Each structure stands twice: as structure tokens, then as C-alpha cells.
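Visitor: Structure file model-v5.csv (CSV, C-alpha atoms) is given on the next line.
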chain,number,residue,atom,x,y,z
F,25,MET,CA,-272.1,-94.1,-43.4
F,26,PRO,CA,-274.4,-97.1,-42.9
F,27,ALA,CA,-273.1,-100.4,-44.3
F,28,ALA,CA,-275.3,-103.0,-45.9
F,29,SER,CA,-276.7,-105.1,-43.1
F,30,SER,CA,-275.0,-108.5,-42.6
F,31,PRO,CA,-276.9,-111.6,-43.6
F,32,LEU,CA,-275.2,-113.4,-40.6
F,33,PRO,CA,-275.2,-110.8,-37.8
F,34,HIS,CA,-274.2,-113.3,-35.1
F,35,THR,CA,-270.9,-114.0,-36.9
F,36,GLU,CA,-269.7,-110.4,-37.1
F,37,PRO,CA,-266.9,-108.8,-35.1
F,38,PRO,CA,-267.9,-105.8,-33.0
F,39,ARG,CA,-267.8,-102.3,-34.6
F,40,ASP,CA,-264.9,-101.4,-32.3
F,41,CYS,CA,-263.2,-104.7,-32.4
F,42,PRO,CA,-260.1,-104.3,-30.1
F,43,LEU,CA,-258.1,-107.5,-31.1
F,44,CYS,CA,-255.4,-106.1,-33.4
F,45,PRO,CA,-253.6,-103.0,-31.9
F,46,ARG,CA,-252.1,-101.9,-35.2
F,47,LEU,CA,-255.4,-102.2,-37.1
F,48,VAL,CA,-257.2,-100.4,-34.2
F,49,ALA,CA,-254.7,-97.5,-34.4
F,50,PHE,CA,-255.1,-97.3,-38.2
F,51,ARG,CA,-258.9,-97.4,-37.8
F,52,GLU,CA,-258.8,-94.5,-35.4
F,53,GLU,CA,-256.5,-92.5,-37.7
F,54,CYS,CA,-259.0,-93.1,-40.6
F,55,ARG,CA,-261.9,-92.0,-38.4
F,56,ARG,CA,-260.1,-88.7,-37.6
F,57,GLU,CA,-259.3,-88.2,-41.2
F,58,HIS,CA,-262.6,-89.3,-42.7
F,59,SER,CA,-265.3,-89.2,-40.0
F,60,ALA,CA,-268.2,-89.9,-42.4
F,61,TRP,CA,-266.7,-93.2,-43.6
F,62,TRP,CA,-267.6,-96.7,-42.3
F,63,ASN,CA,-264.1,-97.2,-40.7
F,64,SER,CA,-265.0,-100.5,-38.9
F,65,PRO,CA,-264.8,-104.2,-39.5
F,66,VAL,CA,-266.7,-104.9,-42.8
F,67,PRO,CA,-269.5,-107.4,-42.5
F,68,ALA,CA,-270.2,-110.3,-44.9
F,69,PHE,CA,-272.3,-109.4,-47.9
F,70,GLY,CA,-274.7,-111.6,-49.8
F,71,ASP,CA,-277.1,-114.4,-49.7
F,72,PRO,CA,-277.4,-116.5,-46.4
F,73,ASP,CA,-278.5,-119.4,-48.5
F,74,ALA,CA,-275.6,-119.1,-50.9
F,75,TRP,CA,-274.0,-122.1,-52.6
F,76,LEU,CA,-270.9,-120.0,-53.5
F,77,ALA,CA,-268.7,-118.2,-50.9
F,78,VAL,CA,-266.1,-115.7,-52.1
F,79,VAL,CA,-263.2,-115.2,-49.6
F,80,GLY,CA,-261.5,-111.8,-50.1
F,81,LEU,CA,-258.4,-110.4,-48.5
F,82,ALA,CA,-259.4,-107.3,-46.5
F,83,PRO,CA,-261.3,-104.0,-47.0
F,84,GLY,CA,-259.7,-101.4,-49.3
F,85,LYS,CA,-259.3,-98.0,-47.8
F,86,HIS,CA,-261.4,-96.1,-50.4
F,87,GLY,CA,-263.7,-99.1,-51.0
F,88,ALA,CA,-265.2,-101.2,-48.3
F,89,ASN,CA,-263.6,-99.3,-45.5
F,90,ARG,CA,-265.3,-96.2,-46.8
F,91,THR,CA,-268.7,-97.7,-47.8
F,92,GLY,CA,-269.1,-100.5,-45.3
F,93,ARG,CA,-269.9,-103.1,-48.0
F,94,ALA,CA,-267.4,-105.6,-49.3
F,95,PHE,CA,-265.7,-104.6,-52.5
F,96,THR,CA,-268.0,-101.6,-52.9
F,97,GLY,CA,-266.5,-98.4,-54.2
F,98,ASP,CA,-263.1,-99.6,-55.3
F,99,TYR,CA,-261.5,-100.8,-58.5
F,100,ALA,CA,-261.6,-104.5,-57.5
F,101,GLY,CA,-265.3,-104.4,-57.0
F,102,GLU,CA,-266.0,-103.3,-60.6
F,103,LEU,CA,-264.7,-106.6,-62.0
F,104,LEU,CA,-266.0,-108.8,-59.2
F,105,TYR,CA,-269.6,-107.5,-59.2
F,106,ALA,CA,-269.7,-107.4,-63.0
F,107,THR,CA,-268.6,-111.1,-63.1
F,108,LEU,CA,-271.1,-112.2,-60.4
F,109,ALA,CA,-273.9,-110.4,-62.3
F,110,LYS,CA,-272.8,-112.1,-65.6
F,111,PHE,CA,-273.1,-115.5,-64.1
F,112,GLY,CA,-276.5,-114.9,-62.6
F,113,LEU,CA,-275.2,-114.4,-59.0
F,114,ALA,CA,-276.5,-110.9,-58.5
F,115,GLU,CA,-279.6,-108.7,-59.2
F,116,GLY,CA,-280.0,-105.0,-59.5
F,117,THR,CA,-277.4,-102.5,-60.7
F,118,TYR,CA,-274.1,-102.1,-58.9
F,119,ASP,CA,-273.5,-98.4,-58.4
F,120,ARG,CA,-270.5,-98.3,-56.0
F,121,ARG,CA,-272.5,-97.5,-52.9
F,122,PRO,CA,-274.2,-99.6,-50.2
F,123,ASP,CA,-277.7,-98.3,-50.8
F,124,ASP,CA,-277.7,-98.9,-54.6
F,125,GLY,CA,-280.1,-101.9,-54.2
F,126,PHE,CA,-277.6,-104.4,-55.6
F,127,ARG,CA,-278.0,-107.8,-54.2
F,128,LEU,CA,-276.2,-111.1,-54.4
F,129,ARG,CA,-278.2,-114.3,-55.2
F,130,GLY,CA,-276.6,-117.6,-54.5
F,131,ALA,CA,-273.3,-116.0,-53.4
F,132,ILE,CA,-271.8,-114.4,-50.4
F,133,ILE,CA,-268.5,-112.5,-49.8
F,134,VAL,CA,-266.5,-112.7,-46.6
F,135,ASN,CA,-263.1,-111.1,-46.1
F,136,GLY,CA,-260.4,-113.1,-44.4
F,137,VAL,CA,-259.4,-109.9,-42.5
F,138,ARG,CA,-262.3,-107.7,-41.6
F,139,CYS,CA,-260.5,-104.4,-40.8
F,140,LEU,CA,-258.5,-102.2,-43.1
F,141,PRO,CA,-254.7,-103.0,-42.9
F,142,PRO,CA,-252.1,-100.3,-43.6
F,143,ALA,CA,-250.8,-100.6,-47.2
F,144,ASN,CA,-253.4,-103.4,-47.7
F,145,LYS,CA,-251.0,-105.9,-46.0
F,146,PRO,CA,-252.2,-107.6,-42.8
F,147,THR,CA,-249.5,-109.3,-40.7
F,148,PRO,CA,-249.6,-113.0,-40.1
F,149,ALA,CA,-250.7,-112.4,-36.5
F,150,GLU,CA,-253.6,-110.2,-37.7
F,151,ILE,CA,-254.7,-112.9,-40.2
F,152,ARG,CA,-254.6,-115.5,-37.4
F,153,THR,CA,-256.5,-113.3,-35.0
F,154,CYS,CA,-259.3,-112.6,-37.5
F,155,ARG,CA,-259.7,-116.2,-38.6
F,156,PRO,CA,-262.6,-116.9,-36.1
F,157,PHE,CA,-264.5,-114.2,-38.1
F,158,LEU,CA,-264.2,-116.4,-41.2
F,159,GLU,CA,-264.8,-119.6,-39.3
F,160,ALA,CA,-268.1,-118.4,-37.9
F,161,PRO,CA,-269.8,-117.5,-41.2
F,162,VAL,CA,-268.4,-120.6,-42.9
F,163,ALA,CA,-270.1,-122.7,-40.2
F,164,ALA,CA,-273.3,-120.7,-40.6
F,165,LEU,CA,-273.5,-121.3,-44.3
F,166,PRO,CA,-274.6,-125.0,-44.7
F,167,SER,CA,-275.6,-124.6,-48.4
F,168,VAL,CA,-272.2,-123.5,-49.6
F,169,ARG,CA,-270.7,-126.1,-52.0
F,170,VAL,CA,-267.9,-124.1,-53.6
F,171,PHE,CA,-265.4,-121.5,-52.1
F,172,VAL,CA,-263.5,-119.1,-54.3
F,173,ALA,CA,-260.4,-117.5,-52.7
F,174,LEU,CA,-259.2,-114.2,-54.1
F,175,GLY,CA,-255.4,-114.3,-53.8
F,176,GLN,CA,-252.7,-116.1,-51.8
F,177,ILE,CA,-253.6,-114.7,-48.4
F,178,ALA,CA,-257.3,-115.5,-48.8
F,179,HIS,CA,-256.4,-119.0,-50.0
F,180,ASP,CA,-254.2,-119.7,-47.0
F,181,THR,CA,-256.6,-118.6,-44.4
F,182,ALA,CA,-259.6,-120.2,-46.1
F,183,ALA,CA,-257.7,-123.5,-46.5
F,184,ARG,CA,-257.0,-123.6,-42.8
F,185,VAL,CA,-260.6,-122.8,-41.9
F,186,LEU,CA,-261.8,-125.5,-44.3
F,187,GLY,CA,-259.5,-128.2,-43.0
F,188,LEU,CA,-256.6,-128.1,-45.4
F,189,LYS,CA,-252.9,-127.5,-44.8
F,190,PRO,CA,-251.8,-124.7,-47.2
F,191,SER,CA,-248.5,-126.5,-47.7
F,192,ARG,CA,-250.5,-129.4,-49.2
F,193,ALA,CA,-252.9,-127.2,-51.2
F,194,LYS,CA,-250.7,-124.9,-53.3
F,195,PHE,CA,-252.3,-121.6,-54.5
F,196,GLY,CA,-252.6,-121.1,-58.2
F,197,HIS,CA,-255.1,-119.4,-60.5
F,198,LEU,CA,-257.9,-121.9,-61.2
F,199,ALA,CA,-256.3,-124.5,-58.9
F,200,GLU,CA,-258.9,-126.7,-57.2
F,201,HIS,CA,-258.7,-128.3,-53.8
F,202,LEU,CA,-261.1,-131.0,-52.6
F,203,LEU,CA,-262.1,-130.3,-49.0
F,204,PRO,CA,-262.4,-133.1,-46.4
F,205,ASP,CA,-266.2,-132.7,-46.4
F,206,GLY,CA,-266.5,-133.0,-50.2
F,207,ARG,CA,-266.8,-129.3,-51.0
F,208,VAL,CA,-264.3,-127.5,-53.2
F,209,LEU,CA,-262.0,-124.5,-52.9
F,210,VAL,CA,-261.1,-122.8,-56.1
F,211,ASP,CA,-258.3,-120.2,-56.3
F,212,SER,CA,-258.2,-117.0,-58.3
F,213,TYR,CA,-255.7,-114.2,-58.6
F,214,HIS,CA,-257.0,-111.2,-56.7
F,215,CYS,CA,-259.1,-108.8,-58.8
F,216,SER,CA,-256.9,-105.8,-57.6
F,217,ARG,CA,-256.2,-102.8,-59.7
F,218,TYR,CA,-252.5,-103.9,-59.8
F,219,ASN,CA,-253.3,-107.4,-61.1
F,220,GLN,CA,-255.7,-106.0,-63.7
F,221,ASN,CA,-253.4,-103.2,-64.9
F,222,THR,CA,-250.4,-105.5,-65.2
F,223,GLY,CA,-252.3,-108.2,-67.0
F,224,ALA,CA,-251.7,-110.7,-64.3
F,225,LEU,CA,-255.5,-111.1,-64.2
F,226,THR,CA,-257.7,-110.5,-67.3
F,227,THR,CA,-261.4,-110.5,-67.4
F,228,PRO,CA,-261.6,-113.9,-69.2
F,229,MET,CA,-259.2,-115.4,-66.6
F,230,PHE,CA,-261.5,-114.2,-63.8
F,231,GLU,CA,-264.7,-115.3,-65.5
F,232,ALA,CA,-263.2,-118.7,-66.0
F,233,VAL,CA,-263.0,-119.1,-62.2
F,234,PHE,CA,-266.7,-118.5,-61.8
F,235,ALA,CA,-267.6,-120.6,-64.8
F,236,ARG,CA,-265.7,-123.5,-63.1
F,237,ALA,CA,-267.5,-122.8,-59.8
F,238,LEU,CA,-270.8,-123.1,-61.6
F,239,ALA,CA,-269.7,-126.4,-63.1
F,240,LEU,CA,-268.6,-127.7,-59.7
F,241,ARG,CA,-271.9,-126.8,-58.2
F,242,GLY,CA,-273.5,-129.3,-60.5
F,243,GLY,CA,-270.8,-131.9,-59.8
F,244,GLY,CA,-268.9,-131.3,-62.9
In C-alpha cells, what does this structure look like?
Guide:
Amino acid sequence: MPAASSPLPHTEPPRDCPLCPRLVAFREECRREHSAWWNSPVPAFGDPDAWLAVVGLAPGKHGANRTGRAFTGDYAGELLYATLAKFGLAEGTYDRRPDDGFRLRGAIIVNGVRCLPPANKPTPAEIRTCRPFLEAPVAALPSVRVFVALGQIAHDTAARVLGLKPSRAKFGHLAEHLLPDGRVLVDSYHCSRYNQNTGALTTPMFEAVFARALALRGGG
């Protein structure tokens, strides 16, 4: 299945990235089980002139790992893309597939880990190994002023890439962290099915993160 093309192709890992043995083995298992799926590192998705960068955790098995486009086809994507559209950061209609014509405007999504991890849990070594594939797009996005990290793992890896020590930038929903270059990192609970179903994250809570991001863009 073809993925949406990356807006930053020179920052992407190779389709058969060999760097994490456990993730490679899981990828091959998924390819045998679902040969029509994407089953490769998932590229960044969005606007190369974005002012907002959303840092996710990793592809979901039946979402981005299947479709090849970040957060596309899984439960988390429903809330994320509805929220981006509500705040004028998307155009078109999201229809859970990479050829639906849905586009981000002013925003881009990059996962901290590009390959599907078993049980949605990358190891610390895998997170470190994949960090250059977050560093590269961040460096290639000069217009980004605000970063939103979805969850603790995304926060920790984004903080390191952006010049902060996670121990001095504690994760918390709606927590804000001023970066050394004057940009801002804002935290959100991840929009996972579990967090939504348990009430740990509600739609108003999630929308508040992006309302704050818009305010910070204007220096508020």
C-alpha cells in the first residue's frame, strides 16, 4: 500500500531500515501476515512550512503501519485529525486512508519512533536509535515555533532533540517548556484509545493543547 509522500524525503529512514533488530523482526512478521500493508518506517506527514510540529510515539499496527500515513486508520487519528481540522490546521476530509486527499496546513506530524514496536512499546535503546530520524526533520523545519508532544515517551525524546533535559522538563498535560532557542514544547496526554476510553484524555482537554499552541504562535 503506498503511503502519503513525505514532505521531507531527505530526512526519512530507508524502507528496510536495519537498525533495530527487534523491530526488524516484527516488521518481517507483519509483512508475512499482511503483505498488502505498508509495514515500513512511517514518514513525516504534513506541511514543510509548518509552524506547529506534533511529535507522536510510534505507528499503530492497524493504523499507520497499515496505511503508511501517520495516525491514519486508527482510533487515535480520529481525535487528532478532527482537532487539527477544528483549529484550521487541515483541509479536506479525513477518511482513514492515505489517498483521501486530507492535507495538513501549518502543521506536521513526526513520530519519535518510526517503526511499529510490539505491544506499542519501544525499548529505550530503540528510542535512542531512532532519535536521528526526529532530529533530521526538526532541523529541516525552520518555520516551526511550537512543538506538541503526545505522551511521555514523545516528550522525553523531543526534549532531548530540542536541547532540554527531560529531568528538568517534567511531562504533564498542558505543561509548557521554553526551549533554548525561544521556541516552546507543549505536552499532551496521548490521544490513544485507552486514554480516551478511560477519561484520562477528553476532547476538551485535547483541544485545549492546540488552543494554547495557537496562542503561543502569536506570542501569547
Visitor: Which residue gives the smallest distance to Glu231 in chain F among F:Leu32, F:Val170, F:Ala60, F:Leu103, with all atoms listed in the file counted?
Guide: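 Result for the nearest residue to Glu231 in chain F: F:Leu103.
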Visitor: Per residue of range 200-233 of chain F within 10 Å of range 80-88 of chain F, note the shortest atom pair and the distance in Å to one decimal, counting only C-alpha atoms, and order the rows by chain and increasing residue number, as a Markdown table.
Guide:
| residue | atom | partner | partner_atom | distance |
| --- | --- | --- | --- | --- |
| F:His214 | CA | F:Gly80 | CA | 8.0 |
| F:Cys215 | CA | F:Gly80 | CA | 9.5 |
| F:Ser216 | CA | F:Gly84 | CA | 9.8 |
Visitor: Any idea what the distance is between CA of Ala100 in chain F and CA of Ser29 in chain F?
Guide: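 Computing it gives 20.9 Å between the two atoms.
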Visitor: May I ask which of the residues F:Arg90, F:Lys110, F:Arg184, F:Arg51 is the closest one to Leu203 in chain F, counting all atoms listed in the file?
Guide: F:Arg184
Visitor: Considering all atoms listed in the file, can you say which of F:Ala164, F:Val233, F:Arg241, F:Arg217 comes closest to Asp98 in chain F?
Guide: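 Closest to Asp98 in chain F of all the choices is F:Arg217.
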Visitor: Find the spatial neighbours of Lys194 in chain F, counting only C-alpha atoms, within a cut-off of 10 Å - ignore same-chain residues fewer than 2 positions away - and output them as a list in words.
Guide: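 Once the adjacent positions are removed, what remains is Gln176, His179, Asp180, Ala183, Lys189, Pro190, Ser191, Arg192, Gly196, Ala199, Glu200, His201 and Asp211 of chain F.
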Visitor: Just the number, please: distance in Å from CA of Asn219 in chain F to CA of Ile132 in chain F, one decimal.
Guide: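 CA of Ile132 in chain F lies at a distance of 22.5 Å from CA of Asn219 in chain F.
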Visitor: Given the choices F:Ala173, F:Val66, F:Val185, F:Cys154, which gets closest to Ala237 in chain F if the distance is worked out from all atoms listed in the file?
Guide: F:Ala173
Visitor: Name the residues in contact with Ala182 in chain F at a cut-off of 12 Å, using all atoms listed in the file, excluding same-chain residues fewer than 6 positions from it; report them as a PyMOL selection string.
Guide: chain F and resi 77-81+134-137+151-152+154-162+170-176+188-190+193+195+201+203+208-211
Visitor: Check the smallest atom-to-atom distance from each of F:Leu165, F:Ser212, F:Gly97, F:Glu57 to Thr227 in chain F using all atoms listed in the file, then report the winner.
Guide: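 Using all atoms listed in the file, Thr227 in chain F sits closest to F:Ser212.
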Visitor: So what do you get for CA of Asp124 in chain F versus CA of Val168 in chain F, distance-wise?
Guide: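 Between CA of Asp124 in chain F and CA of Val168 in chain F the gap is 25.7 Å.
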